[in-house]
$ cat work-v6.cif   # mmCIF, C-alpha atoms
data_final
#
loop_
_atom_site.label_atom_id
_atom_site.label_comp_id
_atom_site.auth_asym_id
_atom_site.auth_seq_id
_atom_site.Cartn_x
_atom_site.Cartn_y
_atom_site.Cartn_z
CA MET A 15 16.77 -115.84 76.28
CA ARG A 16 14.45 -115.15 73.35
CA ARG A 17 11.78 -114.18 75.89
CA THR A 18 14.10 -112.38 78.29
CA LEU A 19 15.64 -109.92 75.83
CA PRO A 20 12.30 -108.45 74.65
CA LEU A 21 11.24 -108.26 78.30
CA ILE A 22 14.42 -106.34 79.22
CA LEU A 23 13.85 -103.92 76.33
CA LEU A 24 10.17 -103.46 77.23
CA SER A 25 11.03 -102.87 80.88
CA ALA A 26 13.76 -100.36 80.01
CA LEU A 27 11.32 -98.58 77.71
CA LEU A 28 8.69 -98.44 80.45
CA GLY A 29 11.32 -97.16 82.89
CA MET A 30 12.31 -94.43 80.44
CA LEU A 31 8.67 -93.45 79.88
CA GLN A 32 8.11 -93.42 83.64
CA ALA A 33 11.06 -91.11 84.30
CA SER A 34 10.52 -88.73 81.39
CA PHE A 35 7.00 -88.82 79.93
CA VAL A 36 4.92 -89.64 83.01
CA THR A 37 6.67 -87.17 85.33
CA ALA A 38 5.86 -84.31 82.95
CA LEU A 39 2.13 -85.11 82.93
CA PRO A 40 -0.31 -83.12 85.08
CA HIS A 41 -1.47 -84.51 88.43
CA PRO A 42 -2.80 -87.10 89.11
CA ALA A 43 -1.77 -88.72 85.81
CA SER A 44 1.88 -88.28 86.84
CA ALA A 45 1.23 -90.63 89.77
CA VAL A 46 0.98 -93.67 87.48
CA ASP A 47 3.76 -96.20 87.98
CA LEU A 48 4.16 -98.14 84.73
CA PRO A 49 7.02 -100.51 85.75
CA LEU A 50 5.03 -101.50 88.82
CA ILE A 51 2.05 -102.51 86.68
CA LEU A 52 4.35 -104.72 84.60
CA ILE A 53 5.90 -106.31 87.69
CA VAL A 54 2.50 -107.09 89.24
CA ALA A 55 1.28 -108.47 85.91
CA LEU A 56 4.31 -110.77 85.62
CA VAL A 57 4.00 -112.01 89.21
CA THR A 58 0.28 -112.72 88.87
CA ASN A 59 1.10 -114.75 85.75
CA PHE A 60 3.55 -116.87 87.79
CA ARG A 61 6.53 -115.35 85.96
CA PHE A 62 8.41 -114.57 89.17
CA ALA A 63 11.90 -114.62 87.66
CA ASP A 64 10.76 -112.35 84.82
CA ALA A 65 9.40 -109.92 87.43
CA PHE A 66 12.91 -109.57 88.91
CA VAL A 67 14.42 -109.15 85.44
CA ALA A 68 11.84 -106.44 84.64
CA ALA A 69 12.46 -104.74 88.00
CA THR A 70 16.22 -104.61 87.33
CA ALA A 71 15.91 -103.31 83.76
CA ALA A 72 13.22 -100.73 84.56
CA GLY A 73 15.01 -99.66 87.75
CA LEU A 74 18.35 -99.10 86.00
CA SER A 75 16.56 -97.19 83.26
CA ILE A 76 14.83 -94.91 85.79
CA ASP A 77 18.05 -94.48 87.77
CA ALA A 78 19.85 -93.20 84.67
CA LEU A 79 17.25 -90.42 84.37
CA SER A 80 16.51 -89.73 88.02
CA SER A 81 17.82 -87.15 90.46
CA LEU A 82 17.89 -89.75 93.23
CA PRO A 83 21.20 -91.54 93.95
CA PHE A 84 21.97 -94.25 91.37
CA GLY A 85 20.48 -97.60 92.34
CA THR A 86 17.69 -96.29 94.55
CA ASN A 87 14.90 -97.05 92.09
CA THR A 88 16.35 -100.45 91.17
CA VAL A 89 16.59 -101.51 94.81
CA ILE A 90 13.04 -100.33 95.50
CA LEU A 91 11.64 -102.13 92.44
CA LEU A 92 13.54 -105.34 93.30
CA ALA A 93 12.23 -105.21 96.87
CA LEU A 94 8.72 -104.59 95.55
CA ALA A 95 9.02 -107.55 93.17
CA ALA A 96 9.91 -109.73 96.16
CA VAL A 97 7.03 -108.29 98.19
CA THR A 98 4.63 -108.83 95.28
CA VAL A 99 5.72 -112.47 95.01
CA GLY A 100 5.13 -112.82 98.76
CA LEU A 101 1.72 -111.17 98.59
CA PHE A 102 0.69 -113.31 95.63
CA SER A 103 1.90 -116.52 97.28
CA ARG A 104 0.47 -115.87 100.75
CA VAL A 105 -2.28 -113.23 100.69
CA PHE A 106 -3.92 -112.70 97.30
CA THR A 107 -3.63 -116.32 96.25
CA ASN A 108 -6.52 -116.56 93.82
CA HIS A 109 -7.19 -114.81 90.53
CA SER A 110 -10.16 -112.53 91.07
CA TRP A 111 -11.04 -108.89 90.56
CA PRO A 112 -10.77 -108.10 94.30
CA GLY A 113 -7.43 -109.89 94.34
CA THR A 114 -6.15 -107.89 91.34
CA VAL A 115 -7.30 -104.63 92.91
CA GLY A 116 -5.88 -105.60 96.30
CA ILE A 117 -2.42 -106.58 95.12
CA ASN A 118 -2.11 -103.51 92.88
CA VAL A 119 -3.17 -101.13 95.64
CA ALA A 120 -0.95 -102.80 98.26
CA VAL A 121 2.16 -102.80 96.07
CA TYR A 122 1.56 -99.23 94.88
CA ALA A 123 1.12 -98.01 98.45
CA LEU A 124 4.33 -99.80 99.48
CA ALA A 125 6.21 -98.29 96.52
CA ASN A 126 5.20 -94.79 97.53
CA ALA A 127 5.99 -95.48 101.18
CA ALA A 128 9.48 -96.66 100.15
CA LEU A 129 10.06 -93.56 98.01
CA ALA A 130 8.81 -91.35 100.84
CA ALA A 131 11.26 -93.05 103.20
CA VAL A 132 14.12 -92.40 100.73
CA ARG A 133 13.12 -88.74 100.57
CA VAL A 134 13.05 -88.44 104.35
CA VAL A 135 16.54 -89.95 104.55
CA ARG A 136 17.70 -87.62 101.80
CA ALA A 137 16.13 -84.67 103.58
CA THR A 138 18.03 -85.62 106.71
CA PHE A 139 21.44 -86.13 105.13
CA VAL A 140 21.47 -83.71 102.21
CA GLY A 141 19.77 -80.92 104.11
CA PHE A 142 16.57 -80.67 102.13
CA PRO A 143 13.70 -79.12 104.04
CA MET A 144 11.47 -81.55 105.85
CA PHE A 145 8.07 -82.54 104.58
CA PRO A 146 5.26 -80.02 104.75
CA ALA A 147 2.55 -80.91 107.28
CA ILE A 148 0.18 -83.61 106.05
CA ASP A 149 -3.26 -82.16 105.40
CA ALA A 150 -6.57 -83.27 103.89
CA ALA A 151 -5.34 -82.40 100.39
CA ALA A 152 -2.49 -84.90 100.74
CA PHE A 153 -4.98 -87.69 101.50
CA SER A 154 -7.28 -86.81 98.62
CA GLY A 155 -4.20 -86.61 96.37
CA ALA A 156 -3.12 -90.07 97.51
CA LEU A 157 -6.58 -91.48 96.85
CA ALA A 158 -6.62 -89.92 93.38
CA ALA A 159 -3.16 -91.39 92.71
CA ILE A 160 -4.29 -94.88 93.78
CA ALA A 161 -7.41 -94.58 91.61
CA VAL A 162 -5.35 -93.53 88.59
CA GLN A 163 -2.85 -96.36 89.16
CA LEU A 164 -5.68 -98.87 89.45
CA ALA A 165 -7.34 -97.55 86.31
CA ALA A 166 -4.02 -97.84 84.45
CA ALA A 167 -3.53 -101.39 85.75
CA LEU A 168 -7.02 -102.41 84.63
CA VAL A 169 -6.47 -100.81 81.21
CA ALA A 170 -3.21 -102.79 80.98
CA VAL A 171 -5.07 -106.00 81.87
CA GLY A 172 -7.60 -105.25 79.11
CA ILE A 173 -4.91 -104.43 76.54
CA GLY A 174 -3.00 -107.54 77.57
CA ALA A 175 -6.05 -109.74 77.11
CA LEU A 176 -6.84 -108.22 73.70
CA ALA A 177 -3.21 -108.48 72.57
CA LYS A 178 -2.99 -112.10 73.69
CA LYS A 179 -6.13 -112.92 71.75
CA ALA A 180 -5.01 -111.09 68.64
CA PHE A 181 -1.33 -112.03 68.61
CA SER A 182 -1.23 -115.33 70.45
CA ARG A 183 0.86 -116.88 67.71
CA PHE A 184 3.84 -114.70 68.71
CA PHE A 185 6.31 -116.35 71.06
CA PHE A 186 6.59 -113.37 73.35
CA LEU A 187 2.96 -113.58 74.47
CA ARG A 188 2.74 -117.33 74.82
CA MET B 3 6.51 -126.71 89.62
CA ALA B 4 6.00 -124.05 92.31
CA SER B 5 9.41 -124.66 93.85
CA ARG B 6 11.05 -124.47 90.40
CA THR B 7 9.38 -121.10 89.73
CA THR B 8 10.47 -119.84 93.13
CA SER B 9 14.05 -121.04 92.74
CA ARG B 10 14.29 -119.39 89.29
CA ALA B 11 13.00 -116.17 90.84
CA LEU B 12 15.59 -116.46 93.59
CA VAL B 13 18.37 -116.90 91.03
CA ALA B 14 17.11 -113.87 89.07
CA ALA B 15 17.00 -111.77 92.25
CA ILE B 16 20.50 -112.88 93.26
CA ILE B 17 21.88 -112.07 89.79
CA ALA B 18 20.21 -108.64 89.82
CA VAL B 19 22.16 -107.41 92.86
CA PRO B 20 25.70 -107.77 91.41
CA ILE B 21 24.48 -106.30 88.11
CA LEU B 22 23.30 -103.23 90.02
CA LEU B 23 26.55 -103.00 91.99
CA LEU B 24 28.68 -103.35 88.85
CA ALA B 25 26.61 -100.70 87.06
CA ALA B 26 26.90 -98.33 90.03
CA SER B 27 30.67 -98.84 90.30
CA GLY B 28 31.20 -98.05 86.62
CA ILE B 29 32.73 -101.42 85.69
CA LEU B 30 29.94 -102.02 83.19
CA ARG B 31 30.63 -98.68 81.49
CA PRO B 32 31.25 -100.20 78.01
CA VAL B 33 27.67 -101.49 78.17
CA THR B 34 25.97 -98.79 80.24
CA ASP B 35 27.44 -95.80 78.37
CA PRO B 36 25.85 -96.56 74.97
CA ALA B 37 22.64 -97.62 76.74
CA THR B 38 22.54 -94.36 78.70
CA LYS B 39 23.19 -92.38 75.51
CA LEU B 40 20.29 -94.16 73.84
CA LEU B 41 18.05 -93.61 76.87
CA LEU B 42 18.84 -89.89 77.02
CA ALA B 43 18.18 -89.53 73.30
CA ALA B 44 14.79 -91.21 73.69
CA ALA B 45 13.89 -89.54 77.00
CA ALA B 46 14.17 -85.95 75.76
CA PRO B 47 11.36 -86.19 73.15
CA ALA B 48 9.29 -88.26 75.61
CA TYR B 49 9.63 -85.51 78.22
CA ALA B 50 8.77 -82.87 75.61
CA ALA B 51 5.64 -84.84 74.64
CA GLY B 52 4.59 -85.09 78.28
CA ALA B 53 5.22 -81.38 78.84
CA ASP B 54 3.18 -80.54 75.71
CA LEU B 55 0.32 -82.65 77.05
CA ASN B 56 0.60 -80.90 80.39
CA ARG B 57 0.45 -77.47 78.73
CA ALA B 58 -2.49 -78.53 76.54
CA PHE B 59 -4.28 -79.82 79.64
CA SER B 60 -3.63 -76.57 81.51
CA ARG B 61 -4.88 -74.50 78.54
CA PHE B 62 -8.00 -76.64 78.28
CA PHE B 63 -8.94 -75.95 81.87
CA ALA B 64 -7.69 -72.37 82.02
CA ASP B 65 -10.14 -69.47 82.06
CA ASP B 66 -8.04 -67.48 79.63
CA ARG B 67 -8.69 -67.83 75.96
CA ASP B 68 -5.97 -68.13 73.32
CA ASP B 69 -5.88 -64.44 72.43
CA VAL B 70 -5.34 -63.46 76.07
CA ALA B 71 -2.53 -66.00 76.30
CA ALA B 72 -0.95 -64.62 73.13
CA LEU B 73 -1.15 -61.06 74.44
CA SER B 74 0.33 -62.12 77.78
CA ALA B 75 3.18 -63.80 75.94
CA ALA B 76 3.79 -60.63 73.89
CA VAL B 77 3.80 -58.45 77.02
CA GLU B 78 6.16 -60.90 78.68
CA LYS B 79 8.53 -60.74 75.72
CA LEU B 80 8.52 -56.95 75.75
CA ARG B 81 9.14 -56.88 79.48
CA ILE B 82 12.13 -59.15 79.14
CA GLU B 83 13.45 -57.00 76.30
CA ASN B 84 12.88 -53.88 78.36
CA ALA B 85 14.66 -55.36 81.36
CA LYS B 86 17.61 -56.31 79.20
CA LEU B 87 17.79 -52.86 77.62
CA ARG B 88 17.67 -51.13 80.98
CA GLU B 89 20.33 -53.42 82.32
CA LEU B 90 22.45 -52.88 79.24
CA ALA B 91 22.11 -49.12 79.61
CA VAL B 92 23.29 -49.25 83.23
CA GLU B 93 26.05 -51.62 82.28
CA ASN B 94 27.06 -49.44 79.38
CA ASP B 95 27.43 -46.42 81.65
CA GLY B 96 29.58 -48.42 84.02
CA LEU B 97 31.74 -49.73 81.24
CA LYS B 98 32.23 -46.30 79.75
CA ALA B 99 33.24 -44.95 83.10
CA ALA B 100 35.72 -47.72 83.67
CA LEU B 101 36.96 -47.80 80.07
CA ALA B 102 36.74 -51.58 80.15
CA PHE B 103 34.75 -52.43 77.05
CA HIS B 104 36.98 -55.33 76.22
CA GLU B 105 36.08 -57.15 79.40
CA ARG B 106 32.53 -57.71 78.28
CA SER B 107 32.23 -61.08 76.64
CA SER B 108 29.31 -63.31 75.94
CA ASP B 109 28.34 -66.21 78.21
CA ALA B 110 29.65 -69.65 77.40
CA ALA B 111 26.54 -71.79 77.52
CA THR B 112 25.88 -75.48 77.13
CA LEU B 113 22.58 -76.38 75.53
CA ALA B 114 20.87 -79.27 77.30
CA ARG B 115 17.66 -81.18 76.82
CA VAL B 116 15.38 -81.83 79.77
CA VAL B 117 14.89 -85.58 80.18
CA SER B 118 12.92 -85.72 83.41
CA GLU B 119 11.50 -83.59 86.16
CA THR B 120 10.96 -84.16 89.85
CA ASP B 121 8.05 -82.62 91.63
CA GLU B 122 8.61 -84.12 95.05
CA ASP B 123 8.04 -82.45 98.37
CA VAL B 124 11.76 -82.34 99.00
CA PHE B 125 13.13 -81.70 95.51
CA HIS B 126 11.54 -79.67 92.75
CA GLY B 127 13.90 -79.97 89.88
CA LEU B 128 14.77 -81.05 86.39
CA VAL B 129 17.16 -83.66 85.09
CA ILE B 130 19.13 -82.62 82.00
CA ASP B 131 21.26 -84.61 79.57
CA ARG B 132 24.52 -82.76 80.20
CA GLY B 133 26.92 -83.56 83.01
CA SER B 134 30.41 -83.01 84.32
CA GLU B 135 31.86 -84.29 81.03
CA ASP B 136 30.33 -81.20 79.38
CA GLY B 137 31.71 -78.77 81.94
CA VAL B 138 28.59 -78.62 84.08
CA LYS B 139 29.26 -77.94 87.77
CA PRO B 140 27.06 -77.38 90.82
CA GLY B 141 26.01 -73.76 91.30
CA GLN B 142 25.96 -72.80 87.62
CA ALA B 143 22.93 -70.87 86.41
CA VAL B 144 20.37 -72.62 84.21
CA VAL B 145 18.42 -70.41 81.84
CA VAL B 146 15.67 -70.84 79.28
CA GLY B 147 14.69 -68.78 76.28
CA ASP B 148 16.21 -65.34 76.16
CA GLY B 149 18.03 -65.36 79.49
CA ILE B 150 15.30 -66.31 81.97
CA ILE B 151 16.92 -68.08 84.91
CA VAL B 152 14.99 -71.13 86.12
CA GLY B 153 17.38 -72.61 88.64
CA LYS B 154 20.90 -73.68 89.42
CA ILE B 155 22.79 -76.94 88.96
CA PHE B 156 22.39 -78.93 92.15
CA GLU B 157 24.33 -82.07 91.29
CA ALA B 158 26.41 -82.96 88.23
CA ARG B 159 26.92 -86.58 87.27
CA ARG B 160 29.01 -87.73 84.33
CA ARG B 161 26.30 -87.48 81.69
CA THR B 162 23.33 -85.97 83.50
CA SER B 163 22.73 -83.20 86.03
CA SER B 164 20.00 -82.22 88.46
CA VAL B 165 18.71 -78.67 88.37
CA LEU B 166 17.21 -77.22 91.53
CA LEU B 167 14.35 -74.96 90.45
CA LEU B 168 13.98 -71.50 91.96
CA SER B 169 10.63 -72.49 93.45
CA ASP B 170 12.17 -75.24 95.61
CA SER B 171 12.30 -74.44 99.32
CA LYS B 172 16.07 -74.99 99.35
CA SER B 173 16.70 -72.56 96.50
CA ARG B 174 18.36 -69.21 97.27
CA LEU B 175 19.29 -66.68 94.60
CA ALA B 176 20.79 -63.21 94.97
CA VAL B 177 18.52 -60.87 93.04
CA ALA B 178 18.00 -57.18 92.37
CA VAL B 179 14.81 -55.28 91.64
CA GLN B 180 14.91 -53.07 88.59
CA ASN B 181 13.66 -49.97 90.34
CA ALA B 182 15.10 -46.56 91.12
CA ALA B 183 16.85 -47.80 94.25
CA ASP B 184 18.16 -50.98 92.63
CA THR B 185 17.01 -52.93 95.67
CA VAL B 186 18.86 -56.18 96.35
CA GLY B 187 17.59 -59.24 98.18
CA VAL B 188 17.52 -63.00 98.26
CA LEU B 189 14.89 -64.88 96.30
CA GLU B 190 13.61 -67.95 98.14
CA GLY B 191 11.40 -70.74 96.88
CA ASP B 192 8.46 -72.18 98.73
CA ARG B 193 7.72 -75.93 98.32
CA GLY B 194 7.75 -75.70 94.53
CA LEU B 195 4.71 -73.44 94.55
CA SER B 196 6.02 -69.90 94.53
CA THR B 197 9.03 -67.64 94.99
CA ALA B 198 9.43 -64.58 97.19
CA ILE B 199 11.99 -61.99 98.23
CA HIS B 200 12.20 -61.46 101.98
CA LEU B 201 13.99 -59.06 104.33
CA ILE B 202 13.73 -55.99 102.12
CA PRO B 203 14.01 -52.81 104.23
CA GLN B 204 10.76 -50.86 104.54
CA THR B 205 12.47 -47.81 103.09
CA GLU B 206 12.73 -49.45 99.65
CA THR B 207 9.90 -48.75 97.24
CA LEU B 208 8.59 -51.83 95.46
CA SER B 209 5.58 -52.09 93.22
CA PRO B 210 3.80 -54.93 91.43
CA GLY B 211 5.19 -55.36 87.93
CA ASP B 212 8.78 -54.49 88.87
CA ILE B 213 11.18 -56.84 87.11
CA ILE B 214 13.52 -59.03 89.11
CA ILE B 215 16.98 -59.85 87.79
CA THR B 216 19.97 -61.64 89.23
CA SER B 217 22.26 -59.28 91.14
CA GLY B 218 25.49 -61.03 90.22
CA ILE B 219 26.90 -61.07 93.74
CA GLU B 220 27.05 -64.84 93.96
CA PRO B 221 29.62 -66.93 92.11
CA GLY B 222 28.51 -68.66 88.93
CA VAL B 223 25.52 -66.40 88.31
CA ARG B 224 26.14 -63.14 86.48
CA ARG B 225 24.06 -60.00 86.84
CA GLY B 226 21.14 -59.34 84.55
CA LEU B 227 19.48 -62.73 84.11
CA VAL B 228 15.73 -62.20 84.22
CA VAL B 229 13.87 -63.97 87.04
CA GLY B 230 10.27 -62.72 86.92
CA THR B 231 8.06 -59.88 88.04
CA ILE B 232 6.76 -58.77 91.42
CA GLU B 233 3.17 -59.89 91.87
CA LYS B 234 2.41 -58.61 95.35
CA VAL B 235 4.24 -56.55 97.95
CA LEU B 236 3.63 -57.63 101.54
CA LYS B 237 4.24 -54.66 103.81
CA GLN B 238 3.19 -54.03 107.40
CA THR B 239 3.99 -50.78 109.13
CA GLN B 240 5.12 -52.40 112.38
CA ASP B 241 7.63 -54.71 110.66
CA PRO B 242 11.14 -53.50 109.84
CA PHE B 243 11.15 -55.50 106.61
CA GLN B 244 8.81 -56.10 103.71
CA SER B 245 8.59 -59.01 101.30
CA ALA B 246 7.38 -59.52 97.76
CA THR B 247 6.04 -62.53 95.91
CA VAL B 248 7.56 -63.06 92.48
CA VAL B 249 5.90 -64.64 89.46
CA PRO B 250 8.25 -66.38 87.04
CA PHE B 251 7.80 -65.93 83.31
CA SER B 252 5.68 -68.62 81.66
CA ALA B 253 8.55 -69.77 79.42
CA ALA B 254 10.10 -71.17 82.59
CA SER B 255 7.47 -73.89 83.06
CA HIS B 256 8.21 -77.37 81.65
CA PRO B 257 11.02 -76.21 79.33
CA PRO B 258 12.12 -78.84 76.79
CA PHE B 259 15.54 -77.16 76.42
CA VAL B 260 17.69 -75.22 78.86
CA GLN B 261 21.10 -73.60 78.74
CA VAL B 262 23.69 -74.03 81.46
CA LEU B 263 25.93 -70.97 81.79
CA THR B 264 29.20 -72.80 82.21
CA GLU B 265 31.20 -69.58 81.99
CA PRO B 266 29.25 -66.44 82.80
CA ALA B 267 30.29 -63.39 80.80
CA GLY B 268 33.30 -61.58 82.15
CA THR B 269 34.83 -64.58 83.89
CA GLU B 270 38.08 -66.18 82.92
CA PRO B 271 37.86 -69.79 81.70
CA ALA B 272 39.08 -72.29 84.27
CA ARG B 273 42.63 -73.48 83.71
#

$ encode --input "work-v6.cif" --output "structure tokens"
Amino acid sequence: MRRTLPLILLSALLGMLQASFVTALPHPASAVDLPLILIVALVTNFRFADAFVAATAAGLSIDALSSLPFGTNTVILLALAAVTVGLFSRVFTNHSWPGTVGINVAVYALANAALAAVRVVRATFVGFPMFPAIDAAAFSGALAAIAVQLAAALVAVGIGALAKKAFSRFFFLR
Amino acid sequence: MASRTTSRALVAAIIAVPILLLAASGILRPVTDPATKLLLAAAAPAYAAGADLNRAFSRFFADDRDDVAALSAAVEKLRIENAKLRELAVENDGLKAALAFHERSSDAATLARVVSETDEDVFHGLVIDRGSEDGVKPGQAVVVGDGIIVGKIFEARRRTSSVLLLSDSKSRLAVAVQNAADTVGVLEGDRGLSTAIHLIPQTETLSPGDIIITSGIEPGVRRGLVVGTIEKVLKQTQDPFQSATVVPFSAASHPPFVQVLTEPAGTEPAR
């Protein structure tokens, strides 16, 4: 419990930052998905249960601040946590730089595909206009978004390593 | 060891689902209400910080220098003031003629903080920290600054609401052009990028710089809220109609605060 409560608070904080701070940033910085970085980090550290806890807390936090129907973000993050566990157990099974890059890119792409699917369903049922035609700019935008997400994930890995070294006596980082 | 980790994960995942269902159904309200309040209080300054960064980033890469931006802001302010004065003059004449001074009352507005924004292909909008508990209802006008309309309430939840911005493709707003003919039309958004007025008869005279205001013919949005200025008139002699692209005022981008006009002036409060 003493490890779960700080994790819930951290995840809720990241969810809040994702929904408010990150969305207001200019492109492609607004494409960063902070809760996803945390979930991937937890899974790759064999903290599978914590990944689900983080997904729930961050998802509920985003849902409270989102225009999407309540629960959408939580369900997507929970599904992604499960997918990440599957990917880490079956595909990217060793700790390496290519593995880190691969799992982050795969999960991020899946997250965006899931959100796109939700938007298509919403467009169908709520009467929003359909997607504009996909063009070259959409692909370059997607590549830029993946690059930014990867950069953020690698920065998080670096910060995590430094923090662990500096504050390893604290229970939360053990 | 591996099976223990997996079974713990399974338990966590199974517990997460009822928590989500209980939160969605409102049973956990004694817990979720204070948490939501706290989240909204923290989200507003976080959004404002992000919007500030966005503006600073835009300024850094913009061609205009600070003095040009300051002059543009001053011109914008004067234009809004001018539009209001002209509208007041017209309104004043009408009121005098009808001897109904007493009917003019000020708008009842609810001040709200922006906590998030959505810039998706299918929804360009804001999320604000006021909801149905504060009298917010779908269709109400959302304004910033000194009466610049930025959108309308799309969906009102208990504590938060979604605002559909005028630039969204689904947005429609009845507007009037402040020109001699007092041209009316419907302002439509285009994928969050721009706004335009279509189907204006060719006989109407429009020119760049004309100020667009709300026409007041739709419920929930009174006449005289400033929308923006005409940037370009698209006119072809063979077409029966012309269209005009409209540029919103800069105060309308990434606003940290907005006002929801819960009772537009001149309307009776709901009983």

$ closest_atom_pairs --input "work-v6.cif" --of "chain A" --to "chain B" --cutoff "8 Å" --atoms "all atoms listed in the file" --output "JSON lines"
{"residue": "A:Met30", "atom": "CA", "partner": "B:Ala45", "partner_atom": "CA", "distance": 6.2}
{"residue": "A:Leu31", "atom": "CA", "partner": "B:Ala48", "partner_atom": "CA", "distance": 6.7}
{"residue": "A:Ala33", "atom": "CA", "partner": "B:Ser118", "partner_atom": "CA", "distance": 5.8}
{"residue": "A:Ser34", "atom": "CA", "partner": "B:Ser118", "partner_atom": "CA", "distance": 4.3}
{"residue": "A:Phe35", "atom": "CA", "partner": "B:Tyr49", "partner_atom": "CA", "distance": 4.6}
{"residue": "A:Val36", "atom": "CA", "partner": "B:Gly52", "partner_atom": "CA", "distance": 6.6}
{"residue": "A:Thr37", "atom": "CA", "partner": "B:Glu119", "partner_atom": "CA", "distance": 6.1}
{"residue": "A:Ala38", "atom": "CA", "partner": "B:Gly52", "partner_atom": "CA", "distance": 4.9}
{"residue": "A:Leu39", "atom": "CA", "partner": "B:Asn56", "partner_atom": "CA", "distance": 5.1}
{"residue": "A:Pro40", "atom": "CA", "partner": "B:Asn56", "partner_atom": "CA", "distance": 5.3}
{"residue": "A:Phe60", "atom": "CA", "partner": "B:Thr7", "partner_atom": "CA", "distance": 7.5}
{"residue": "A:Arg61", "atom": "CA", "partner": "B:Thr7", "partner_atom": "CA", "distance": 7.4}
{"residue": "A:Phe62", "atom": "CA", "partner": "B:Ala11", "partner_atom": "CA", "distance": 5.1}
{"residue": "A:Ala63", "atom": "CA", "partner": "B:Ala11", "partner_atom": "CA", "distance": 3.7}
{"residue": "A:Asp64", "atom": "CA", "partner": "B:Ala11", "partner_atom": "CA", "distance": 7.5}
{"residue": "A:Ala65", "atom": "CA", "partner": "B:Ala11", "partner_atom": "CA", "distance": 8.0}
{"residue": "A:Phe66", "atom": "CA", "partner": "B:Ala15", "partner_atom": "CA", "distance": 5.7}
{"residue": "A:Val67", "atom": "CA", "partner": "B:Ala14", "partner_atom": "CA", "distance": 6.5}
{"residue": "A:Thr70", "atom": "CA", "partner": "B:Ala18", "partner_atom": "CA", "distance": 6.2}
{"residue": "A:Leu74", "atom": "CA", "partner": "B:Leu22", "partner_atom": "CA", "distance": 7.6}
{"residue": "A:Ser75", "atom": "CA", "partner": "B:Leu41", "partner_atom": "CA", "distance": 7.5}
{"residue": "A:Ala78", "atom": "CA", "partner": "B:Thr38", "partner_atom": "CA", "distance": 6.7}
{"residue": "A:Leu79", "atom": "CA", "partner": "B:Ser118", "partner_atom": "CA", "distance": 6.5}
{"residue": "A:Ser80", "atom": "CA", "partner": "B:Val129", "partner_atom": "CA", "distance": 6.8}
{"residue": "A:Ser81", "atom": "CA", "partner": "B:Ser164", "partner_atom": "CA", "distance": 5.7}
{"residue": "A:Phe84", "atom": "CA", "partner": "B:Ala26", "partner_atom": "CA", "distance": 6.5}
{"residue": "A:Gly85", "atom": "CA", "partner": "B:Leu22", "partner_atom": "CA", "distance": 6.7}
{"residue": "A:Thr88", "atom": "CA", "partner": "B:Leu22", "partner_atom": "CA", "distance": 7.6}
{"residue": "A:Leu92", "atom": "CA", "partner": "B:Ala15", "partner_atom": "CA", "distance": 7.4}
{"residue": "A:Arg133", "atom": "CA", "partner": "B:Val124", "partner_atom": "CA", "distance": 6.7}
{"residue": "A:Ala137", "atom": "CA", "partner": "B:Val124", "partner_atom": "CA", "distance": 6.7}
{"residue": "A:Phe142", "atom": "CA", "partner": "B:Val124", "partner_atom": "CA", "distance": 6.0}
{"residue": "A:Pro143", "atom": "CA", "partner": "B:Val124", "partner_atom": "CA", "distance": 6.3}
{"residue": "A:Met144", "atom": "CA", "partner": "B:Val124", "partner_atom": "CA", "distance": 6.9}
{"residue": "A:Phe145", "atom": "CA", "partner": "B:Asp123", "partner_atom": "CA", "distance": 6.2}
{"residue": "A:Pro146", "atom": "CA", "partner": "B:Asp123", "partner_atom": "CA", "distance": 7.4}

$ resolve_selection --input "work-v6.cif" --expression "the PyMOL selection byres ((chain B and resi 78) around 12)" --output "list in words"
Ala71, Ala72, Leu73, Ser74, Ala75, Ala76, Val77, Lys79, Leu80, Arg81, Ile82, Glu83, Asn84, Ala85, Gly147, Asp148, Ile150, Gly211, Ile213, Val228, Val229, Gly230, Thr231, Val249, Pro250, Phe251, Ser252, Ala253 and Ala254 of chain B

$ resolve_selection --input "work-v6.cif" --expression "the PyMOL selection byres ((chain B and resi 263) around 10)" --output "PyMOL selection string"
chain B and resi 109-113+137-139+141-145+149+151+154-155+222-224+260-262+264-267

$ residues_around --input "work-v6.cif" --residues "B:Thr207" --least-positions-apart "4" --cutoff "10 Å" --atoms "all atoms listed in the file" --output "list in words"
Val179, Asn181, Ala182, Ala183, Asp184, Thr185, Ile202, Pro203, Val235 and Gln244 of chain B

$ residues_around --input "work-v6.cif" --residues "stretch 153-170 of chain A" --least-positions-apart "6" --cutoff "7 Å" --atoms "all atoms listed in the file" --output "PyMOL selection string"
chain A and resi 42-43+45-47+51+115+118-119

$ resolve_selection --input "work-v6.cif" --expression "the PyMOL selection byres ((chain A and resi 25-27) around 6)" --output "MDAnalysis selection string"
chainID A and resid 21:24 28:30 68 71:72 75

$ atom_distance --input "work-v6.cif" --atom1 "atom CA of B:Leu189" --atom2 "atom CA of B:Gln204"
16.8 Å

$ atom_distance --input "work-v6.cif" --atom1 "atom CA of A:Val97" --atom2 "atom CA of A:Val121"
7.6 Å

$ atom_distance --input "work-v6.cif" --atom1 "atom CA of A:Gly100" --atom2 "atom CA of A:Thr114"
14.4 Å

$ axis_aligned_box --input "work-v6.cif" --around "stretch 225-232 of chain B" --padding-each-side "6 Å" --output "lines of an AutoDock Vina configuration file"
center_x = 15.4
center_y = -61.4
center_z = 87.8
size_x = 29.3
size_y = 17.2
size_z = 19.3
